[in-house]
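Inspection log for the structure reproduced underneath, given as structure tokens.
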Amino acid sequence: MKFKQQTPEEIALGGLIPAKTILPFEVIAAQDDVSRSGNDMIKAELRLFQPDGKTRTMIAYLLEAMPSQLFHFCTYSGLAIEYGNGTLRAEHCVGKKGYVEIGIKIDKSGEYPPKNIIRDFVRPEALKPGAMAQPAPQSAPAEEDVPFGD
């Protein structure tokens, strides 16, 4: 039997979405919650649409302690008014669509395997050639649905 040898790290990363990949998403569920630090947050479940037609779910944590991600989520998914008012609730988020940039988190202690994370929410213009192999599925927002677009 012949095969390509892989390091334990290559094996662990094999099932993950590559870092810096940009994918369309839809919020399928959200709930108001409190972080471990005691701060208000929204725990949003996202359905990601991959170029091969498969979907994957990931959790996004929206909280004031991550201002850039919170701002980008609100402004790029149609919640700019709520952001401007400083009032965002879980029910505002359900059904919202946009794009995310994927990252990979590696546990420095080595106790947990690497996992995908939401690195940030991005504008569709952030798509670079090769970032997505095919156009976003119909459930992704059209460019005119994204506020502040040109």
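Each chain in the structure tokens gets a letter, A, B and so on, in the order shown; residues start at 1 in every chain, and ligands are counted from 1 in the order they appear.
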Just the residues within 12 Å of Lys43 (chain A), please, counting only C-alpha atoms, with nothing from its chain fewer than 6 positions along; format it as a list in words. Val27, Ile28, Ala29, Ala30, Gln31, Asp32, Asp33, Val34, Ser35, Met58, Ile59, Ala60, Tyr61, Leu62, Leu63, Leu70, Leu88, Arg89, Ala90, Glu91, Cys93 and Val94 of chain A
For the residues selected in the previous step, produce a file with C-alpha atoms as a PDB file, in the first residue's frame.
ATOM      1  CA  VAL A  27     -28.089  33.302  10.986  1.00  0.00           C
ATOM      2  CA  ILE A  28     -30.372  30.358  11.738  1.00  0.00           C
ATOM      3  CA  ALA A  29     -30.725  30.879  15.500  1.00  0.00           C
ATOM      4  CA  ALA A  30     -29.661  33.410  18.098  1.00  0.00           C
ATOM      5  CA  GLN A  31     -30.085  33.896  21.814  1.00  0.00           C
ATOM      6  CA  ASP A  32     -29.281  36.645  24.274  1.00  0.00           C
ATOM      7  CA  ASP A  33     -26.649  35.339  26.670  1.00  0.00           C
ATOM      8  CA  VAL A  34     -23.976  36.378  29.162  1.00  0.00           C
ATOM      9  CA  SER A  35     -20.253  35.790  28.639  1.00  0.00           C
ATOM     10  CA  MET A  58     -20.644  27.599  13.469  1.00  0.00           C
ATOM     11  CA  ILE A  59     -21.297  29.773  16.498  1.00  0.00           C
ATOM     12  CA  ALA A  60     -20.531  33.495  16.498  1.00  0.00           C
ATOM     13  CA  TYR A  61     -20.345  35.427  19.746  1.00  0.00           C
ATOM     14  CA  LEU A  62     -21.384  39.057  19.368  1.00  0.00           C
ATOM     15  CA  LEU A  63     -20.333  41.237  22.261  1.00  0.00           C
ATOM     16  CA  LEU A  70     -19.810  43.493  16.330  1.00  0.00           C
ATOM     17  CA  LEU A  88     -29.075  44.741  19.441  1.00  0.00           C
ATOM     18  CA  ARG A  89     -31.132  41.743  20.482  1.00  0.00           C
ATOM     19  CA  ALA A  90     -30.978  38.126  19.387  1.00  0.00           C
ATOM     20  CA  GLU A  91     -34.274  38.338  17.504  1.00  0.00           C
ATOM     21  CA  CYS A  93     -30.124  38.653  14.097  1.00  0.00           C
ATOM     22  CA  VAL A  94     -32.161  35.624  13.011  1.00  0.00           C
TER      23      VAL A  94
END
Write out as number ranges by chain each polymer residue whose atoms come within 12 Å of Glu9 (chain A), counting only C-alpha atoms; drop sequence neighbours fewer than 2 positions from it. A: 5-7, 11-16, 106-107, 110, 112-115
Contacts of Phe121 (chain A) within 12 Å, only C-alpha atoms, excl. fewer than 5 positions in-chain, as number ranges by chain: A: 20-26, 46, 60-62, 66-77, 97-103, 126-127, 146
Would you output that residue set with N, CA and C atoms, as a compact mmCIF listing (two decimals), in the first residue's frame?
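As written to disk, again34.txt reads:
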# COMPACT_ATOMS: atom_id res chain seq x y z
N LYS A 20 -8.70 32.16 6.26
CA LYS A 20 -8.89 33.27 5.33
C LYS A 20 -9.90 32.98 4.23
N THR A 21 -10.58 31.84 4.30
CA THR A 21 -11.66 31.55 3.35
C THR A 21 -12.84 32.45 3.69
N ILE A 22 -13.48 33.00 2.67
CA ILE A 22 -14.66 33.84 2.87
C ILE A 22 -15.86 33.07 2.35
N LEU A 23 -16.87 32.94 3.21
CA LEU A 23 -18.06 32.17 2.87
C LEU A 23 -19.33 32.96 3.20
N PRO A 24 -20.38 32.76 2.41
CA PRO A 24 -21.66 33.36 2.77
C PRO A 24 -22.27 32.63 3.96
N PHE A 25 -23.06 33.36 4.74
CA PHE A 25 -23.71 32.76 5.91
C PHE A 25 -25.13 33.26 6.03
N GLU A 26 -25.90 32.55 6.85
CA GLU A 26 -27.22 32.98 7.28
C GLU A 26 -27.34 32.64 8.76
N LEU A 46 -24.66 30.21 12.94
CA LEU A 46 -24.58 30.55 11.53
C LEU A 46 -24.55 29.29 10.68
N ALA A 60 -21.17 32.18 16.42
CA ALA A 60 -20.53 33.49 16.50
C ALA A 60 -20.98 34.13 17.80
N TYR A 61 -20.04 34.74 18.50
CA TYR A 61 -20.35 35.43 19.75
C TYR A 61 -20.23 36.92 19.49
N LEU A 62 -21.34 37.62 19.61
CA LEU A 62 -21.38 39.06 19.37
C LEU A 62 -21.43 39.77 20.71
N MET A 66 -15.70 42.78 21.67
CA MET A 66 -15.12 42.55 20.34
C MET A 66 -15.76 43.57 19.40
N PRO A 67 -15.40 44.86 19.56
CA PRO A 67 -16.13 45.93 18.86
C PRO A 67 -16.05 45.86 17.34
N SER A 68 -14.92 45.49 16.80
CA SER A 68 -14.79 45.45 15.34
C SER A 68 -15.71 44.39 14.74
N GLN A 69 -15.73 43.20 15.33
CA GLN A 69 -16.58 42.12 14.83
C GLN A 69 -18.06 42.48 14.99
N LEU A 70 -18.43 43.08 16.10
CA LEU A 70 -19.81 43.49 16.33
C LEU A 70 -20.23 44.54 15.30
N PHE A 71 -19.38 45.54 15.07
CA PHE A 71 -19.65 46.59 14.09
C PHE A 71 -19.81 45.99 12.69
N HIS A 72 -18.89 45.13 12.31
CA HIS A 72 -18.94 44.52 10.97
C HIS A 72 -20.18 43.65 10.80
N PHE A 73 -20.52 42.86 11.80
CA PHE A 73 -21.73 42.04 11.70
C PHE A 73 -22.94 42.93 11.46
N CYS A 74 -23.09 43.95 12.28
CA CYS A 74 -24.28 44.81 12.17
C CYS A 74 -24.33 45.57 10.85
N THR A 75 -23.24 46.20 10.46
CA THR A 75 -23.27 47.03 9.27
C THR A 75 -23.34 46.23 7.98
N TYR A 76 -22.76 45.03 7.96
CA TYR A 76 -22.75 44.24 6.72
C TYR A 76 -23.92 43.28 6.61
N SER A 77 -24.76 43.18 7.65
CA SER A 77 -25.91 42.27 7.57
C SER A 77 -27.24 43.00 7.75
N LYS A 97 -28.12 37.77 6.75
CA LYS A 97 -27.18 37.11 5.85
C LYS A 97 -25.99 38.01 5.60
N GLY A 98 -24.89 37.40 5.22
CA GLY A 98 -23.68 38.16 4.91
C GLY A 98 -22.55 37.22 4.59
N TYR A 99 -21.34 37.68 4.86
CA TYR A 99 -20.14 36.90 4.59
C TYR A 99 -19.23 36.90 5.81
N VAL A 100 -18.56 35.78 6.02
CA VAL A 100 -17.60 35.66 7.11
C VAL A 100 -16.24 35.25 6.57
N GLU A 101 -15.21 35.68 7.28
CA GLU A 101 -13.86 35.19 7.02
C GLU A 101 -13.56 34.17 8.10
N ILE A 102 -13.13 33.01 7.67
CA ILE A 102 -12.86 31.90 8.57
C ILE A 102 -11.42 31.97 9.07
N GLY A 103 -11.23 31.59 10.31
CA GLY A 103 -9.89 31.46 10.89
C GLY A 103 -9.75 30.07 11.50
N ALA A 126 -14.80 41.92 -0.37
CA ALA A 126 -13.58 41.32 0.17
C ALA A 126 -13.24 40.01 -0.53
N LEU A 127 -14.19 39.48 -1.29
CA LEU A 127 -13.93 38.24 -2.01
C LEU A 127 -12.81 38.45 -3.01
N VAL A 146 -26.46 44.71 1.09
CA VAL A 146 -25.44 45.00 2.07
C VAL A 146 -25.34 46.52 2.23
Which of region 17-150 of chain A counts as alpha helix (DSSP H) under DSSP, as a PyMOL selection string please? chain A and resi 67-76+80-85+90-93
Could you write out that same residue set with all heavy atoms as a compact mmCIF listing (two decimals), in the first residue's frame?
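Wrote it out as result36.txt, contents follow:
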# COMPACT_ATOMS: atom_id res chain seq x y z
N PRO A 67 -15.40 44.86 19.56
CA PRO A 67 -16.13 45.93 18.86
C PRO A 67 -16.05 45.86 17.34
O PRO A 67 -17.03 46.14 16.66
CB PRO A 67 -15.49 47.21 19.39
CG PRO A 67 -14.17 46.80 19.93
CD PRO A 67 -14.33 45.39 20.40
N SER A 68 -14.92 45.49 16.80
CA SER A 68 -14.79 45.45 15.34
C SER A 68 -15.71 44.39 14.74
O SER A 68 -16.43 44.64 13.77
CB SER A 68 -13.32 45.15 14.97
OG SER A 68 -13.18 45.06 13.58
N GLN A 69 -15.73 43.20 15.33
CA GLN A 69 -16.58 42.12 14.83
C GLN A 69 -18.06 42.48 14.99
O GLN A 69 -18.86 42.23 14.08
CB GLN A 69 -16.24 40.82 15.54
CG GLN A 69 -16.73 39.60 14.81
CD GLN A 69 -16.26 38.32 15.44
OE1 GLN A 69 -16.74 37.95 16.51
NE2 GLN A 69 -15.32 37.64 14.80
N LEU A 70 -18.43 43.08 16.10
CA LEU A 70 -19.81 43.49 16.33
C LEU A 70 -20.23 44.54 15.30
O LEU A 70 -21.29 44.44 14.69
CB LEU A 70 -19.97 44.04 17.75
CG LEU A 70 -21.35 44.58 18.13
CD1 LEU A 70 -22.42 43.50 18.01
CD2 LEU A 70 -21.32 45.16 19.54
N PHE A 71 -19.38 45.54 15.07
CA PHE A 71 -19.65 46.59 14.09
C PHE A 71 -19.81 45.99 12.69
O PHE A 71 -20.76 46.29 11.98
CB PHE A 71 -18.53 47.63 14.09
CG PHE A 71 -18.67 48.66 13.01
CD1 PHE A 71 -19.57 49.70 13.13
CD2 PHE A 71 -17.89 48.57 11.86
CE1 PHE A 71 -19.70 50.65 12.12
CE2 PHE A 71 -18.01 49.53 10.85
CZ PHE A 71 -18.92 50.57 10.97
N HIS A 72 -18.89 45.13 12.31
CA HIS A 72 -18.94 44.52 10.97
C HIS A 72 -20.18 43.65 10.80
O HIS A 72 -20.83 43.70 9.75
CB HIS A 72 -17.68 43.71 10.69
CG HIS A 72 -16.47 44.55 10.54
ND1 HIS A 72 -15.21 44.09 10.81
CD2 HIS A 72 -16.31 45.84 10.14
CE1 HIS A 72 -14.33 45.06 10.59
NE2 HIS A 72 -14.98 46.12 10.18
N PHE A 73 -20.52 42.86 11.80
CA PHE A 73 -21.73 42.04 11.70
C PHE A 73 -22.94 42.93 11.46
O PHE A 73 -23.74 42.68 10.55
CB PHE A 73 -21.94 41.19 12.96
CG PHE A 73 -23.27 40.48 12.95
CD1 PHE A 73 -23.44 39.31 12.21
CD2 PHE A 73 -24.36 40.98 13.65
CE1 PHE A 73 -24.66 38.66 12.16
CE2 PHE A 73 -25.59 40.34 13.60
CZ PHE A 73 -25.74 39.17 12.87
N CYS A 74 -23.09 43.95 12.28
CA CYS A 74 -24.28 44.81 12.17
C CYS A 74 -24.33 45.57 10.85
O CYS A 74 -25.37 45.57 10.18
CB CYS A 74 -24.31 45.80 13.34
SG CYS A 74 -24.66 45.03 14.93
N THR A 75 -23.24 46.20 10.46
CA THR A 75 -23.27 47.03 9.27
C THR A 75 -23.34 46.23 7.98
O THR A 75 -23.93 46.68 7.00
CB THR A 75 -22.08 48.00 9.22
OG1 THR A 75 -20.86 47.28 9.28
CG2 THR A 75 -22.15 49.01 10.35
N TYR A 76 -22.76 45.03 7.96
CA TYR A 76 -22.75 44.24 6.72
C TYR A 76 -23.92 43.28 6.61
O TYR A 76 -24.07 42.61 5.60
CB TYR A 76 -21.44 43.46 6.58
CG TYR A 76 -20.20 44.32 6.60
CD1 TYR A 76 -18.99 43.79 7.00
CD2 TYR A 76 -20.23 45.66 6.24
CE1 TYR A 76 -17.84 44.57 7.03
CE2 TYR A 76 -19.08 46.45 6.28
CZ TYR A 76 -17.89 45.89 6.67
OH TYR A 76 -16.76 46.66 6.71
N ALA A 80 -27.45 48.15 10.76
CA ALA A 80 -26.74 49.40 11.06
C ALA A 80 -27.54 50.30 11.99
O ALA A 80 -26.96 50.98 12.84
CB ALA A 80 -26.39 50.13 9.76
N ILE A 81 -28.85 50.32 11.84
CA ILE A 81 -29.68 51.17 12.71
C ILE A 81 -29.59 50.69 14.15
O ILE A 81 -29.41 51.49 15.08
CB ILE A 81 -31.14 51.22 12.22
CG1 ILE A 81 -31.19 51.96 10.89
CG2 ILE A 81 -32.06 51.87 13.25
CD1 ILE A 81 -32.53 51.91 10.19
N GLU A 82 -29.70 49.38 14.34
CA GLU A 82 -29.60 48.83 15.70
C GLU A 82 -28.22 49.12 16.29
O GLU A 82 -28.11 49.46 17.47
CB GLU A 82 -29.87 47.32 15.68
CG GLU A 82 -31.32 46.95 15.45
CD GLU A 82 -31.76 47.04 13.98
OE1 GLU A 82 -30.96 47.37 13.10
OE2 GLU A 82 -32.95 46.80 13.74
N TYR A 83 -27.19 49.01 15.46
CA TYR A 83 -25.84 49.32 15.95
C TYR A 83 -25.76 50.79 16.34
O TYR A 83 -25.24 51.13 17.41
CB TYR A 83 -24.78 49.00 14.89
CG TYR A 83 -23.39 49.24 15.42
CD1 TYR A 83 -22.74 48.26 16.16
CD2 TYR A 83 -22.74 50.44 15.23
CE1 TYR A 83 -21.49 48.47 16.69
CE2 TYR A 83 -21.48 50.67 15.76
CZ TYR A 83 -20.86 49.68 16.49
OH TYR A 83 -19.62 49.90 17.02
N GLY A 84 -26.28 51.66 15.48
CA GLY A 84 -26.27 53.10 15.76
C GLY A 84 -27.03 53.46 17.02
O GLY A 84 -26.66 54.40 17.73
N ASN A 85 -28.08 52.71 17.32
CA ASN A 85 -28.86 52.94 18.54
C ASN A 85 -28.24 52.29 19.76
O ASN A 85 -28.67 52.54 20.89
CB ASN A 85 -30.29 52.42 18.38
CG ASN A 85 -31.09 53.22 17.39
OD1 ASN A 85 -30.82 54.40 17.16
ND2 ASN A 85 -32.08 52.59 16.79
N ALA A 90 -31.10 39.37 20.14
CA ALA A 90 -30.98 38.13 19.39
C ALA A 90 -32.01 38.05 18.26
O ALA A 90 -31.68 37.64 17.15
CB ALA A 90 -31.11 36.93 20.33
N GLU A 91 -33.24 38.46 18.54
CA GLU A 91 -34.27 38.34 17.50
C GLU A 91 -33.99 39.20 16.28
O GLU A 91 -34.48 38.92 15.20
CB GLU A 91 -35.67 38.63 18.07
CG GLU A 91 -35.86 40.06 18.52
CD GLU A 91 -36.03 40.20 20.02
OE1 GLU A 91 -35.62 39.32 20.77
OE2 GLU A 91 -36.58 41.23 20.42
N HIS A 92 -33.20 40.26 16.44
CA HIS A 92 -32.81 41.08 15.28
C HIS A 92 -31.91 40.29 14.32
O HIS A 92 -31.87 40.57 13.13
CB HIS A 92 -32.03 42.33 15.72
CG HIS A 92 -32.81 43.29 16.54
ND1 HIS A 92 -32.24 44.00 17.57
CD2 HIS A 92 -34.11 43.67 16.50
CE1 HIS A 92 -33.15 44.78 18.12
NE2 HIS A 92 -34.29 44.59 17.49
N CYS A 93 -31.16 39.35 14.86
CA CYS A 93 -30.12 38.65 14.10
C CYS A 93 -30.63 37.49 13.25
O CYS A 93 -30.06 37.20 12.19
CB CYS A 93 -29.05 38.13 15.06
SG CYS A 93 -28.29 39.41 16.06
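When only C-alpha atoms are used to compute distances to Pro18 (chain A), the closest of the residues A:Thr87, A:Gln50, A:Ser109, A:Ser37 turns out to be A:Gln50.
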Which value, in Å to one decimal, gives the distance between CA of Lys105 (chain A) and CA of Gly53 (chain A)? 24.3 Å
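Distance annotation: of A:Glu45, A:Asp52, A:Glu64, A:Glu10, the residue with the minimal separation from Ile118 (chain A) is A:Glu45; atom set is only C-alpha atoms.
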Atom pair CA of Arg123 (chain A) + CA of Lys54 (chain A), distance 21.7 Å
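Note that the spacing between CA of Asn116 (chain A) and CA of Ala44 (chain A) amounts to 15.3 Å.
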Which one of A:Lys108, A:Pro8, A:Arg119, A:Ile17 sits closest to Arg56 (chain A) if you count only C-alpha atoms?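 Smallest distance to Arg56 (chain A) is found for A:Ile17.
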